[in-house]
file input.cif (mmCIF, C-alpha atoms)
data_start
loop_
_atom_site.label_atom_id
_atom_site.label_comp_id
_atom_site.auth_asym_id
_atom_site.auth_seq_id
_atom_site.Cartn_x
_atom_site.Cartn_y
_atom_site.Cartn_z
CA MET Y 1 -220.88 47.10 -106.00
CA ALA Y 2 -221.32 48.55 -109.46
CA GLU Y 3 -220.02 46.99 -112.65
CA ARG Y 4 -219.23 50.32 -114.31
CA SER Y 5 -218.75 53.75 -112.84
CA GLU Y 6 -220.90 56.69 -113.82
CA SER Y 7 -219.78 59.49 -116.13
CA ARG Y 8 -216.57 61.11 -115.03
CA ALA Y 9 -217.75 64.69 -114.37
CA LEU Y 10 -220.40 63.83 -111.81
CA SER Y 11 -218.62 60.89 -110.23
CA LEU Y 12 -217.26 61.15 -106.71
CA ASP Y 13 -214.04 59.83 -105.26
CA PRO Y 14 -214.82 56.88 -102.94
CA ARG Y 15 -213.23 58.86 -100.10
CA THR Y 16 -215.79 61.64 -100.61
CA LYS Y 17 -218.61 59.10 -100.45
CA MET Y 18 -217.20 57.78 -97.19
CA ALA Y 19 -216.97 61.32 -95.82
CA VAL Y 20 -220.68 61.70 -96.63
CA MET Y 21 -221.45 58.46 -94.78
CA LEU Y 22 -219.43 59.63 -91.78
CA THR Y 23 -221.16 63.02 -91.73
CA LEU Y 24 -224.56 61.35 -91.97
CA SER Y 25 -223.79 59.02 -89.09
CA VAL Y 26 -222.50 61.89 -86.92
CA PHE Y 27 -225.25 64.43 -87.54
CA LEU Y 28 -228.30 62.51 -88.69
CA LEU Y 29 -228.02 59.27 -86.74
CA GLY Y 30 -225.77 60.43 -83.91
CA GLY Y 31 -227.78 63.64 -83.59
CA ALA Y 32 -224.69 65.79 -82.89
CA SER Y 33 -226.80 68.78 -83.83
CA PRO Y 34 -230.52 68.40 -83.14
CA GLU Y 35 -231.50 71.42 -85.26
CA PRO Y 36 -234.07 70.38 -87.91
CA VAL Y 37 -232.19 72.59 -90.41
CA VAL Y 38 -229.12 70.36 -90.10
CA GLN Y 39 -231.25 67.22 -90.43
CA HIS Y 40 -232.95 68.47 -93.60
CA GLY Y 41 -229.57 69.69 -94.90
CA MET Y 42 -228.23 66.15 -94.54
CA ALA Y 43 -231.24 64.83 -96.45
CA LEU Y 44 -230.53 67.46 -99.13
CA ILE Y 45 -226.93 66.26 -99.60
CA VAL Y 46 -228.23 62.75 -100.20
CA LEU Y 47 -230.75 64.15 -102.72
CA VAL Y 48 -227.88 65.84 -104.61
CA LEU Y 49 -226.04 62.48 -104.75
CA MET Y 50 -229.19 60.75 -106.00
CA LEU Y 51 -229.69 63.42 -108.71
CA SER Y 52 -226.06 63.14 -109.84
CA GLN Y 53 -226.59 59.44 -110.42
CA ARG Y 54 -229.60 60.20 -112.69
CA ASN Y 55 -231.44 57.11 -111.51
CA TRP Y 56 -234.82 58.87 -111.55
CA ARG Y 57 -236.79 55.99 -110.08
CA ARG Y 58 -234.53 56.02 -107.04
CA VAL Y 59 -234.77 59.82 -106.75
CA VAL Y 60 -238.58 59.58 -106.63
CA ALA Y 61 -238.48 56.68 -104.15
CA TYR Y 62 -236.13 58.64 -101.90
CA ALA Y 63 -238.17 61.85 -102.07
CA LEU Y 64 -241.42 60.00 -101.31
CA ALA Y 65 -239.89 58.02 -98.41
CA TYR Y 66 -238.40 61.13 -96.81
CA LEU Y 67 -241.58 63.15 -97.34
CA LEU Y 68 -243.62 60.35 -95.76
CA ALA Y 69 -241.34 60.40 -92.72
CA CYS Y 70 -241.54 64.21 -92.43
CA VAL Y 71 -245.31 64.32 -92.92
CA THR Y 72 -245.71 61.66 -90.23
CA LEU Y 73 -243.40 63.50 -87.88
CA PHE Y 74 -244.51 67.10 -88.37
CA ALA Y 75 -248.14 66.91 -89.58
CA LEU Y 76 -249.59 63.68 -88.24
CA VAL Y 77 -247.94 63.53 -84.83
CA PRO Y 78 -249.32 66.82 -83.42
CA VAL Y 79 -252.95 65.80 -84.14
CA LEU Y 80 -252.77 62.20 -82.87
CA ASP Y 81 -253.17 60.93 -79.35
CA GLY Y 82 -252.46 57.81 -77.32
CA ALA Y 83 -250.99 54.68 -78.90
CA PRO Y 84 -251.27 55.81 -82.59
CA TYR Y 85 -249.43 58.99 -81.55
CA PHE Y 86 -246.62 56.96 -80.04
CA PHE Y 87 -246.30 54.66 -83.04
CA ALA Y 88 -246.40 57.54 -85.54
CA LEU Y 89 -243.71 59.31 -83.57
CA MET Y 90 -241.43 56.30 -83.33
CA PHE Y 91 -241.94 55.44 -87.00
CA GLY Y 92 -241.38 59.01 -88.19
CA GLY Y 93 -238.39 59.51 -85.90
CA ILE Y 94 -236.65 56.33 -87.02
CA ALA Y 95 -237.52 56.71 -90.72
CA ALA Y 96 -236.44 60.37 -90.93
CA ARG Y 97 -233.03 59.32 -89.63
CA LEU Y 98 -232.59 56.03 -91.44
CA VAL Y 99 -234.02 56.79 -94.91
CA PRO Y 100 -231.25 59.23 -95.97
CA SER Y 101 -228.57 56.90 -94.56
CA ALA Y 102 -230.02 53.88 -96.33
CA PHE Y 103 -230.22 55.70 -99.68
CA ALA Y 104 -226.70 57.09 -99.29
CA ALA Y 105 -225.51 53.52 -98.68
CA ALA Y 106 -227.34 52.37 -101.82
CA TYR Y 107 -225.65 55.19 -103.75
CA LEU Y 108 -222.23 54.22 -102.41
CA THR Y 109 -222.57 50.54 -103.27
CA SER Y 110 -224.16 51.08 -106.69
CA THR Y 111 -221.68 53.69 -107.97
CA THR Y 112 -218.39 52.35 -106.65
CA ARG Y 113 -216.50 49.51 -108.26
CA VAL Y 114 -214.81 47.13 -105.87
CA SER Y 115 -211.35 47.95 -107.18
CA GLU Y 116 -212.01 51.70 -106.91
CA PHE Y 117 -213.01 51.15 -103.32
CA CYS Y 118 -209.82 49.15 -102.70
CA ALA Y 119 -207.70 51.86 -104.33
CA ALA Y 120 -209.28 54.52 -102.11
CA MET Y 121 -208.81 52.44 -98.96
CA ARG Y 122 -205.14 51.87 -99.83
CA ARG Y 123 -204.64 55.62 -100.35
CA VAL Y 124 -205.79 56.23 -96.78
CA HIS Y 125 -203.41 53.46 -95.61
CA VAL Y 126 -205.95 50.91 -94.45
CA THR Y 127 -204.24 47.53 -93.99
CA ASP Y 128 -204.72 44.73 -96.53
CA LYS Y 129 -206.12 42.58 -93.74
CA ILE Y 130 -209.22 44.80 -93.83
CA VAL Y 131 -209.24 45.80 -97.52
CA ILE Y 132 -209.17 42.25 -98.94
CA PRO Y 133 -212.01 40.78 -96.82
CA LEU Y 134 -214.06 43.97 -97.30
CA SER Y 135 -213.75 43.82 -101.09
CA VAL Y 136 -214.58 40.08 -101.06
CA MET Y 137 -217.63 40.92 -98.95
CA PHE Y 138 -218.94 43.46 -101.46
CA ARG Y 139 -218.10 41.06 -104.29
CA MET Y 140 -220.26 38.39 -102.61
CA PHE Y 141 -223.46 40.40 -102.12
CA PRO Y 142 -224.69 40.21 -105.75
CA THR Y 143 -223.69 36.53 -105.86
CA ILE Y 144 -225.68 35.77 -102.73
CA ALA Y 145 -228.72 37.63 -104.12
CA ASP Y 146 -228.41 35.66 -107.36
CA GLU Y 147 -228.19 32.32 -105.53
CA ARG Y 148 -231.18 33.27 -103.41
CA ARG Y 149 -233.25 33.83 -106.57
CA SER Y 150 -232.17 30.47 -108.02
CA ILE Y 151 -232.96 28.62 -104.81
CA SER Y 152 -236.39 30.19 -104.53
CA ALA Y 153 -237.09 29.28 -108.19
CA ALA Y 154 -236.03 25.68 -107.53
CA MET Y 155 -238.18 25.51 -104.40
CA ARG Y 156 -241.17 26.96 -106.25
CA MET Y 157 -240.78 24.34 -108.95
CA ARG Y 158 -241.09 21.66 -106.30
CA GLY Y 159 -244.09 23.41 -104.78
CA VAL Y 160 -242.41 24.60 -101.58
CA ALA Y 161 -243.71 28.00 -100.52
CA LEU Y 162 -241.57 30.22 -98.28
CA GLY Y 163 -241.25 27.81 -95.36
CA GLY Y 164 -243.44 24.94 -96.49
CA GLY Y 165 -246.02 26.11 -93.97
CA ARG Y 166 -243.66 26.00 -90.98
CA PRO Y 167 -241.54 29.00 -90.04
CA SER Y 168 -238.67 26.87 -88.70
CA ARG Y 169 -238.42 25.24 -92.11
CA ILE Y 170 -237.46 28.59 -93.69
CA VAL Y 171 -234.00 27.98 -92.26
CA GLU Y 172 -233.78 24.50 -93.74
CA TYR Y 173 -235.29 25.31 -97.14
CA ARG Y 174 -233.67 28.68 -97.73
CA LEU Y 175 -230.67 29.40 -95.53
CA VAL Y 176 -229.00 25.98 -95.62
CA PRO Y 177 -228.99 25.68 -99.45
CA LEU Y 178 -227.76 29.26 -99.63
CA LEU Y 179 -224.86 28.50 -97.29
CA VAL Y 180 -223.95 25.34 -99.21
CA CYS Y 181 -223.91 27.17 -102.56
CA THR Y 182 -221.97 30.11 -101.18
CA ALA Y 183 -219.37 27.88 -99.53
CA ARG Y 184 -218.73 26.21 -102.87
CA ILE Y 185 -218.56 29.52 -104.76
CA GLY Y 186 -216.22 30.78 -102.06
CA GLU Y 187 -213.81 27.92 -102.65
CA GLU Y 188 -213.72 28.76 -106.36
CA LEU Y 189 -213.31 32.46 -105.66
CA SER Y 190 -210.37 31.74 -103.33
CA ALA Y 191 -208.67 29.63 -105.97
CA ALA Y 192 -209.20 32.32 -108.63
CA ALA Y 193 -207.99 35.14 -106.41
CA LEU Y 194 -204.90 33.24 -105.26
CA THR Y 195 -204.04 32.51 -108.89
CA ARG Y 196 -204.15 36.25 -109.51
CA GLY Y 197 -201.69 36.83 -106.70
CA LEU Y 198 -203.98 38.07 -103.91
CA GLY Y 199 -202.44 37.55 -100.51
CA GLY Y 200 -198.90 37.44 -101.84
CA GLU Y 201 -196.06 39.47 -100.42
CA ALA Y 202 -195.75 41.85 -103.38
CA LYS Y 203 -197.59 45.17 -103.44
CA ARG Y 204 -200.52 44.93 -105.84
CA THR Y 205 -201.10 47.54 -108.50
CA ASN Y 206 -204.46 49.05 -109.39
CA VAL Y 207 -205.55 50.63 -112.68
CA CYS Y 208 -208.43 52.63 -111.23
CA GLN Y 209 -208.14 56.38 -111.56
CA ILE Y 210 -209.44 57.98 -108.44
CA GLY Y 211 -209.01 61.56 -107.38
CA PHE Y 212 -210.88 64.66 -106.29
CA GLY Y 213 -212.70 66.93 -108.74
CA ALA Y 214 -215.00 69.96 -108.64
CA PHE Y 215 -218.05 67.90 -107.69
CA ASP Y 216 -216.05 66.32 -104.84
CA ALA Y 217 -215.17 69.79 -103.59
CA ALA Y 218 -218.82 70.87 -103.68
CA VAL Y 219 -220.03 67.79 -101.80
CA LEU Y 220 -217.19 68.00 -99.24
CA LEU Y 221 -218.04 71.65 -98.67
CA MET Y 222 -221.66 70.73 -97.97
CA CYS Y 223 -220.48 68.03 -95.57
CA ALA Y 224 -218.16 70.46 -93.78
CA THR Y 225 -220.95 72.99 -93.15
CA PRO Y 226 -222.62 71.23 -90.18
CA TYR Y 227 -219.22 70.66 -88.48
CA VAL Y 228 -218.37 74.35 -88.83
CA LEU Y 229 -221.80 75.44 -87.61
CA THR Y 230 -221.66 73.11 -84.59
CA ALA Y 231 -218.11 74.18 -83.75
CA ALA Y 232 -219.13 77.84 -83.97
CA GLU Y 233 -222.09 77.16 -81.72
CA LEU Y 234 -219.91 75.38 -79.17
CA LEU Y 235 -217.35 78.19 -79.18
CA GLY Y 236 -220.14 80.72 -78.80
CA ALA Y 237 -221.53 78.75 -75.87
CA LEU Y 238 -218.14 78.69 -74.17
CA LYS Y 239 -217.72 82.47 -74.26
CA MET V 240 -196.68 33.09 -102.26
CA ALA V 241 -193.87 33.16 -99.71
CA GLY V 242 -195.14 33.64 -96.16
CA SER V 243 -198.79 33.03 -96.93
CA GLN V 244 -200.16 29.62 -96.33
CA MET V 245 -201.90 27.81 -99.13
CA THR V 246 -203.84 24.80 -97.99
CA THR V 247 -206.00 22.79 -100.28
CA GLY V 248 -209.13 21.11 -98.99
CA SER V 249 -211.64 22.69 -96.68
CA ALA V 250 -210.04 22.40 -93.23
CA PRO V 251 -207.17 24.89 -92.89
CA ALA V 252 -204.29 24.28 -90.52
CA THR V 253 -204.35 25.82 -87.06
CA GLY V 254 -202.08 28.74 -86.20
CA GLY V 255 -199.69 30.75 -88.29
CA ARG V 256 -200.07 34.04 -90.13
CA LEU V 257 -203.15 35.03 -92.06
CA GLY V 258 -202.87 34.16 -95.75
CA GLY V 259 -204.89 35.24 -98.76
CA ARG V 260 -207.20 32.30 -98.41
CA ASP V 261 -208.06 33.18 -94.80
CA LEU V 262 -208.79 36.79 -95.71
CA ILE V 263 -211.10 35.66 -98.55
CA ASN V 264 -212.90 33.25 -96.21
CA ILE V 265 -213.47 36.08 -93.74
CA GLY V 266 -215.01 38.17 -96.54
CA ILE V 267 -217.31 35.36 -97.72
CA TYR V 268 -218.72 34.52 -94.31
CA ALA V 269 -218.91 38.13 -93.22
CA ALA V 270 -221.04 38.75 -96.34
CA LEU V 271 -223.40 35.89 -95.39
CA TYR V 272 -223.55 37.13 -91.81
CA CYS V 273 -224.35 40.69 -92.93
CA VAL V 274 -227.04 39.51 -95.35
CA ALA V 275 -228.70 37.49 -92.58
CA MET V 276 -228.40 40.52 -90.28
CA THR V 277 -229.99 42.82 -92.87
CA VAL V 278 -232.88 40.46 -93.61
CA VAL V 279 -233.74 40.36 -89.90
CA GLY V 280 -232.86 44.03 -89.33
CA ILE V 281 -235.39 45.30 -91.90
CA PHE V 282 -238.11 44.46 -89.37
CA GLY V 283 -236.57 47.07 -87.07
CA TYR V 284 -238.56 49.72 -88.93
CA ILE V 285 -241.51 48.52 -86.85
CA PRO V 286 -240.96 50.59 -83.70
CA ILE V 287 -241.11 48.01 -80.89
CA VAL V 288 -239.36 45.31 -82.92
CA MET V 289 -236.32 47.56 -83.06
CA PHE V 290 -235.56 46.82 -79.43
CA LEU V 291 -236.09 43.10 -80.03
CA LEU V 292 -233.45 42.96 -82.75
CA SER V 293 -230.82 42.29 -80.11
CA VAL V 294 -232.62 38.96 -79.57
CA LEU V 295 -233.62 38.14 -83.17
CA CYS V 296 -230.36 38.90 -85.00
CA PRO V 297 -228.03 36.67 -82.93
CA LEU V 298 -230.51 33.78 -83.25
CA ILE V 299 -230.45 33.69 -87.06
CA CYS V 300 -226.88 34.85 -87.68
CA GLY V 301 -225.47 31.98 -85.62
CA ILE V 302 -225.73 29.60 -88.57
CA PRO V 303 -223.37 31.45 -90.95
CA PHE V 304 -221.10 32.33 -88.05
CA MET V 305 -220.71 28.76 -86.81
CA MET V 306 -219.86 27.81 -90.38
CA PHE V 307 -217.21 30.53 -90.38
CA MET V 308 -215.76 29.07 -87.18
CA THR V 309 -214.89 25.86 -89.03
CA ARG V 310 -212.61 28.03 -91.21
CA ALA V 311 -211.32 30.38 -88.50
CA LYS V 312 -208.27 28.52 -87.30
CA LYS V 313 -205.83 31.41 -87.00
CA PRO V 314 -205.53 34.26 -84.51
CA GLY V 315 -207.11 37.50 -85.71
CA MET V 316 -209.78 36.09 -87.98
CA ILE V 317 -212.70 36.70 -85.61
CA LEU V 318 -211.49 40.21 -84.85
CA ILE V 319 -211.37 41.09 -88.56
CA PHE V 320 -214.77 39.45 -89.07
CA ASN V 321 -216.31 41.49 -86.27
CA VAL V 322 -214.75 44.77 -87.43
CA LEU V 323 -216.06 44.09 -90.95
CA ALA V 324 -219.55 43.50 -89.59
CA GLY V 325 -219.25 46.77 -87.65
CA LEU V 326 -218.03 48.63 -90.74
CA PHE V 327 -220.93 47.17 -92.72
CA MET V 328 -223.33 48.52 -90.08
CA TRP V 329 -221.69 51.93 -90.38
CA LEU V 330 -221.80 51.91 -94.19
CA THR V 331 -225.48 50.98 -94.16
CA GLY V 332 -226.21 53.88 -91.86
CA MET V 333 -226.27 52.57 -88.30
CA GLY V 334 -223.95 55.11 -86.70
CA PHE V 335 -220.23 55.02 -86.02
CA TYR V 336 -220.33 53.56 -82.53
CA THR V 337 -220.83 50.04 -83.88
CA PRO V 338 -217.36 49.58 -85.47
CA LEU V 339 -215.79 50.95 -82.27
CA VAL V 340 -217.72 48.50 -80.08
CA SER V 341 -216.91 45.69 -82.50
CA VAL V 342 -213.17 46.11 -81.89
CA ALA V 343 -213.69 45.40 -78.18
CA THR V 344 -216.09 42.46 -78.65
CA GLY V 345 -213.87 41.10 -81.43
CA ILE V 346 -210.81 41.01 -79.17
CA ALA V 347 -212.85 39.39 -76.36
CA ALA V 348 -214.26 36.74 -78.72
CA GLU V 349 -210.76 36.15 -80.05
CA LEU V 350 -209.50 35.42 -76.51
CA VAL V 351 -212.35 32.97 -75.86
CA TRP V 352 -211.62 31.19 -79.13
CA ARG V 353 -207.91 31.03 -78.27
CA ALA V 354 -208.70 29.52 -74.85
CA GLY V 355 -210.64 26.83 -76.74
CA GLY V 356 -207.59 25.99 -78.82
CA TYR V 357 -209.32 27.19 -82.05
CA ARG V 358 -211.41 24.03 -82.27
CA SER V 359 -213.53 23.50 -79.11
CA SER V 360 -217.17 23.76 -80.14
CA VAL V 361 -218.16 25.06 -76.69
CA ALA V 362 -215.65 27.87 -77.12
CA ALA V 363 -217.07 28.55 -80.59
CA VAL V 364 -220.58 29.03 -79.16
CA LEU V 365 -219.23 31.22 -76.34
CA ALA V 366 -217.14 33.29 -78.75
CA TYR V 367 -220.23 33.84 -80.90
CA ALA V 368 -222.22 35.00 -77.85
CA VAL V 369 -219.44 37.46 -76.93
CA LEU V 370 -219.22 38.75 -80.51
CA SER V 371 -222.99 39.25 -80.70
CA VAL V 372 -222.79 41.93 -78.01
CA PHE V 373 -221.49 44.38 -80.64
CA ILE V 374 -225.10 44.77 -81.86
CA VAL V 375 -225.61 47.03 -78.83
CA GLY V 376 -223.52 49.63 -80.65
CA ASN V 377 -226.47 50.22 -82.98
CA TYR V 378 -228.57 51.45 -80.06
CA LEU V 379 -225.92 53.74 -78.59
CA PRO V 380 -226.83 56.84 -80.67
CA PHE V 381 -230.23 56.82 -78.97
CA PHE V 382 -228.65 56.87 -75.51
CA LEU V 383 -225.31 58.65 -75.65
CA ASP V 384 -226.85 61.83 -76.89
CA PRO V 385 -228.68 63.74 -74.16
CA SER V 386 -229.48 66.66 -76.46
CA TYR V 387 -231.61 64.36 -78.59
CA LEU V 388 -234.24 63.79 -75.92
CA SER V 389 -234.40 67.37 -74.70
CA SER V 390 -234.68 68.76 -78.21
CA THR V 391 -237.48 66.39 -79.18
CA GLY V 392 -239.04 67.36 -75.86
CA GLN V 393 -239.24 70.99 -76.95
CA LYS V 394 -240.05 70.50 -80.58
CA ILE V 395 -242.42 67.60 -80.76
CA GLY V 396 -244.00 67.57 -77.38
CA GLN V 397 -243.55 66.26 -73.90
CA GLY V 398 -245.78 63.26 -74.69
CA TYR V 399 -243.10 61.63 -76.81
CA VAL V 400 -240.49 61.92 -74.12
CA GLU V 401 -242.88 60.43 -71.60
CA ALA V 402 -243.88 57.63 -73.97
CA ILE V 403 -240.33 56.70 -74.85
CA ARG V 404 -238.77 57.23 -71.42
CA PRO V 405 -239.44 53.68 -70.17
CA PHE V 406 -237.41 52.47 -73.16
CA LEU V 407 -234.53 54.85 -72.66
CA GLN V 408 -233.56 54.04 -69.09
CA GLY V 409 -229.87 53.61 -68.36
CA TRP V 410 -230.36 49.94 -67.55
CA LEU V 411 -231.47 49.23 -71.08
CA ILE V 412 -227.94 49.14 -72.51
CA PRO V 413 -226.71 46.39 -70.12
CA ALA V 414 -230.06 44.64 -70.60
CA GLU V 415 -229.61 44.71 -74.38
CA ALA V 416 -226.04 43.46 -73.98
CA VAL V 417 -227.19 40.56 -71.80
CA SER V 418 -229.99 39.65 -74.22
CA CYS V 419 -227.51 39.75 -77.12
CA PHE V 420 -225.22 37.43 -75.18
CA VAL V 421 -227.95 34.97 -74.17
CA SER V 422 -229.57 34.79 -77.60
CA GLY V 423 -226.03 34.56 -78.99
CA LEU V 424 -225.59 31.37 -76.92
CA VAL V 425 -228.89 29.99 -78.24
CA GLY V 426 -228.06 31.09 -81.80
CA GLY V 427 -224.65 29.46 -81.55
CA LEU V 428 -226.23 26.19 -80.42
CA ILE V 429 -228.77 26.38 -83.26
CA GLY V 430 -225.93 27.03 -85.69
CA ARG V 431 -223.96 24.10 -84.32
CA SER V 432 -226.89 21.69 -84.64
CA VAL V 433 -227.74 22.88 -88.18
CA LEU V 434 -224.10 22.47 -89.10
CA ARG V 435 -223.98 18.93 -87.75
CA ARG V 436 -227.27 17.92 -89.33
CA HIS V 437 -226.80 19.32 -92.78
CA PHE V 438 -223.18 20.01 -93.52
CA GLN V 439 -221.16 17.28 -91.86
CA LYS V 440 -223.44 14.61 -93.32
CA ALA V 441 -223.17 16.12 -96.77
CA GLY V 442 -219.39 16.31 -96.45
CA ILE V 443 -219.13 20.04 -97.01
CA LEU V 444 -217.07 20.72 -93.90
#

call {"tool": "encode", "arguments": {"input": "input.cif", "output": "structure tokens"}}
result
Amino acid sequence: MAERSESRALSLDPRTKMAVMLTLSVFLLGGASPEPVVQHGMALIVLVLMLSQRNWRRVVAYALAYLLACVTLFALVPVLDGAPYFFALMFGGIAARLVPSAFAAAYLTSTTRVSEFCAAMRRVHVTDKIVIPLSVMFRMFPTIADERRSISAAMRMRGVALGGGRPSRIVEYRLVPLLVCTARIGEELSAAALTRGLGGEAKRTNVCQIGFGAFDAAVLLMCATPYVLTAAELLGALK
Amino acid sequence: MAGSQMTTGSAPATGGRLGGRDLINIGIYAALYCVAMTVVGIFGYIPIVMFLLSVLCPLICGIPFMMFMTRAKKPGMILIFNVLAGLFMWLTGMGFYTPLVSVATGIAAELVWRAGGYRSSVAAVLAYAVLSVFIVGNYLPFFLDPSYLSSTGQKIGQGYVEAIRPFLQGWLIPAEAVSCFVSGLVGGLIGRSVLRRHFQKAGIL
């Protein structure tokens, strides 16, 4: 997760970000409403999040990836036939659903500090037995990526390409060193965290200021729209 | 530190309540497991490979998981591990069925591990195979949602429905579950042999 949070005005409460993830998984991935309008609306919410982060490279990457999926699905698919048709359809269908989710996940992990995430989870009364391992998990991802880079540099220095020519060796040359390093770092992390009182009986305090603001309200409103629309549709269908 | 167990050295004691150290170990190995899962899962963007992920993921992820099993000596650790993996799937955009399924597979794996006395290596492999079944949750959105097929049928053309129908039969979910379980067994055995070859010799476990 991120080292620093973004500027206060356009930052979201971690709970809002999780509401976005939930809405995406219900409507985009779960397909609770198959209307294309809802699908594009979901993609639009993610675009708003991307813009608020002002990471322009990521905005462009997201827009291009989603456009590619839509062009494949709506322009390429109707004119193709046979096997290419099938592949284009599968690719477009999967990408149109997964691209917004993947970018929303990237937004969540790159804008939320681990302790902010913990504070938010505690506010919604999630047990420590989930919060502590989850925060350790997010703490470990950058470390693992870092170790992976070091290992691949060391292997390159000794002239070992990806698997030394044999795929089964990838496990031995990459994964095993990674596990060894991470196990050692984990031991140190445990010692450090226990010294700081993690896992004790006392309730831990947290200095992070989290709370809902105007931008949260706007994003939550956008997330609520598809639920309201679907509920209205269901009620209309029942009459 | 009252109530939480603090053991030094790498082999924690069996039984007792979960302490800070156990929770941190769960996080570390869950992170490794999820990274391995993601590296393999990226290939799922290739259409047909997506259905093969239920075979590929358990094969590779067995190595970090079997390493976790050398630390998981207390009741509840596998359940938390599995729920975390499910939550990770949800947070990276794989739908919300996965964490729900992971609760069930986590409890089942926990029972297997308990029957093995928290140290039998056969039970560890079996528990891993049971846990691996939670990957099926990632496919559920494609099946549990009848409106999805009919709407694509109208909007994109009947050809798609006909092309994809062989893949969306009802038997596919149990078939995926069985393939997860079987490749979980193989992955667990691979993990066990890698562990023995590389880690026990080097004195890391």

call {"tool": "closest_residue", "arguments": {"input": "input.cif", "among": "V:Cys419, V:Leu291, V:Met328, V:Ala414", "to": "chain Y", "atoms": "only C-alpha atoms"}}
result
V:Met328

call {"tool": "residues_around", "arguments": {"input": "input.cif", "residues": "Leu318 of chain V", "least_positions_apart": "4", "cutoff": "7 Å", "atoms": "all atoms listed in the file", "output": "number ranges by chain"}}
result
V: 322, 342, 345-346, 349

call {"tool": "residues_near_point", "arguments": {"input": "input.cif", "point": "(-217.5, 41.4, -91.4)", "cutoff": "8 Å", "atoms": "only C-alpha atoms", "output": "VMD selection string"}}
result
(chain Y and resid 133 to 134 137) or (chain V and resid 265 to 266 268 to 270 272 to 273 319 to 327)

call {"tool": "resolve_selection", "arguments": {"input": "input.cif", "expression": "the PyMOL selection byres ((chain V and resi 305) around 9)", "output": "PDB file with C-alpha atoms, keeping the file's coordinate frame"}}
result
ATOM      1  CA  CYS V 300    -226.880  34.850 -87.680  1.00  0.00           C
ATOM      2  CA  GLY V 301    -225.470  31.980 -85.620  1.00  0.00           C
ATOM      3  CA  ILE V 302    -225.730  29.600 -88.570  1.00  0.00           C
ATOM      4  CA  PRO V 303    -223.370  31.450 -90.950  1.00  0.00           C
ATOM      5  CA  PHE V 304    -221.100  32.330 -88.050  1.00  0.00           C
ATOM      6  CA  MET V 306    -219.860  27.810 -90.380  1.00  0.00           C
ATOM      7  CA  PHE V 307    -217.210  30.530 -90.380  1.00  0.00           C
ATOM      8  CA  MET V 308    -215.760  29.070 -87.180  1.00  0.00           C
ATOM      9  CA  THR V 309    -214.890  25.860 -89.030  1.00  0.00           C
ATOM     10  CA  ALA V 363    -217.070  28.550 -80.590  1.00  0.00           C
ATOM     11  CA  VAL V 364    -220.580  29.030 -79.160  1.00  0.00           C
ATOM     12  CA  TYR V 367    -220.230  33.840 -80.900  1.00  0.00           C
ATOM     13  CA  GLY V 427    -224.650  29.460 -81.550  1.00  0.00           C
ATOM     14  CA  LEU V 428    -226.230  26.190 -80.420  1.00  0.00           C
ATOM     15  CA  GLY V 430    -225.930  27.030 -85.690  1.00  0.00           C
ATOM     16  CA  ARG V 431    -223.960  24.100 -84.320  1.00  0.00           C
ATOM     17  CA  LEU V 434    -224.100  22.470 -89.100  1.00  0.00           C
TER      18      LEU V 434
END

call {"tool": "interface_residues", "arguments": {"input": "input.cif", "of": "chain Y", "to": "chain V", "cutoff": "6 Å", "atoms": "only C-alpha atoms", "output": "list in words"}}
result
Ser25, Leu29, Gly30, Met90, Phe91, Ser101, Ala102, Ala105, Pro133, Leu134, Val136, Met137, Ser190, Leu198, Gly199 and Gly200 of chain Y

call {"tool": "atom_distance", "arguments": {"input": "input.cif", "atom1": "atom CA of Gly423 of chain V", "atom2": "atom CA of Met21 of chain Y"}}
result
29.0 Å

call {"tool": "atom_distance", "arguments": {"input": "input.cif", "atom1": "atom CA of Thr337 of chain V", "atom2": "atom CA of Phe420 of chain V"}}
result
15.9 Å

call {"tool": "closest_residue", "arguments": {"input": "input.cif", "among": "Y:Thr225, Y:Thr72, Y:Thr127, Y:Ser110", "to": "Arg139 of chain Y", "atoms": "all atoms listed in the file"}}
result
Y:Ser110

call {"tool": "atom_distance", "arguments": {"input": "input.cif", "atom1": "atom CA of Thr195 of chain Y", "atom2": "atom CA of Val207 of chain Y"}}
result
18.6 Å

call {"tool": "residues_around", "arguments": {"input": "input.cif", "residues": "Val375 of chain V", "least_positions_apart": "5", "cutoff": "10 Å", "atoms": "only C-alpha atoms", "output": "PyMOL selection string"}}
result
chain V and resi 290+292-293+336-337+340-341+411-419

call {"tool": "decode", "arguments": {"input": "input.cif", "residues": "segment 145-159 of chain Y", "atoms": "C-alpha atoms", "output": "PDB file, in the first residue's frame"}}
result
ATOM      1  CA  ALA Y 145       8.521  -7.315  -5.330  1.00  0.00           C
ATOM      2  CA  ASP Y 146      11.787  -5.793  -4.111  1.00  0.00           C
ATOM      3  CA  GLU Y 147      13.293  -9.202  -3.284  1.00  0.00           C
ATOM      4  CA  ARG Y 148      12.213 -10.514  -6.670  1.00  0.00           C
ATOM      5  CA  ARG Y 149      14.135  -7.697  -8.387  1.00  0.00           C
ATOM      6  CA  SER Y 150      17.254  -8.398  -6.307  1.00  0.00           C
ATOM      7  CA  ILE Y 151      17.111 -12.123  -7.008  1.00  0.00           C
ATOM      8  CA  SER Y 152      16.708 -11.592 -10.727  1.00  0.00           C
ATOM      9  CA  ALA Y 153      19.668  -9.164 -10.695  1.00  0.00           C
ATOM     10  CA  ALA Y 154      21.797 -11.720  -8.844  1.00  0.00           C
ATOM     11  CA  MET Y 155      20.782 -14.470 -11.267  1.00  0.00           C
ATOM     12  CA  ARG Y 156      21.537 -12.253 -14.263  1.00  0.00           C
ATOM     13  CA  MET Y 157      24.982 -11.536 -12.872  1.00  0.00           C
ATOM     14  CA  ARG Y 158      25.658 -15.260 -12.825  1.00  0.00           C
ATOM     15  CA  GLY Y 159      24.298 -15.624 -16.340  1.00  0.00           C
TER      16      GLY Y 159
END
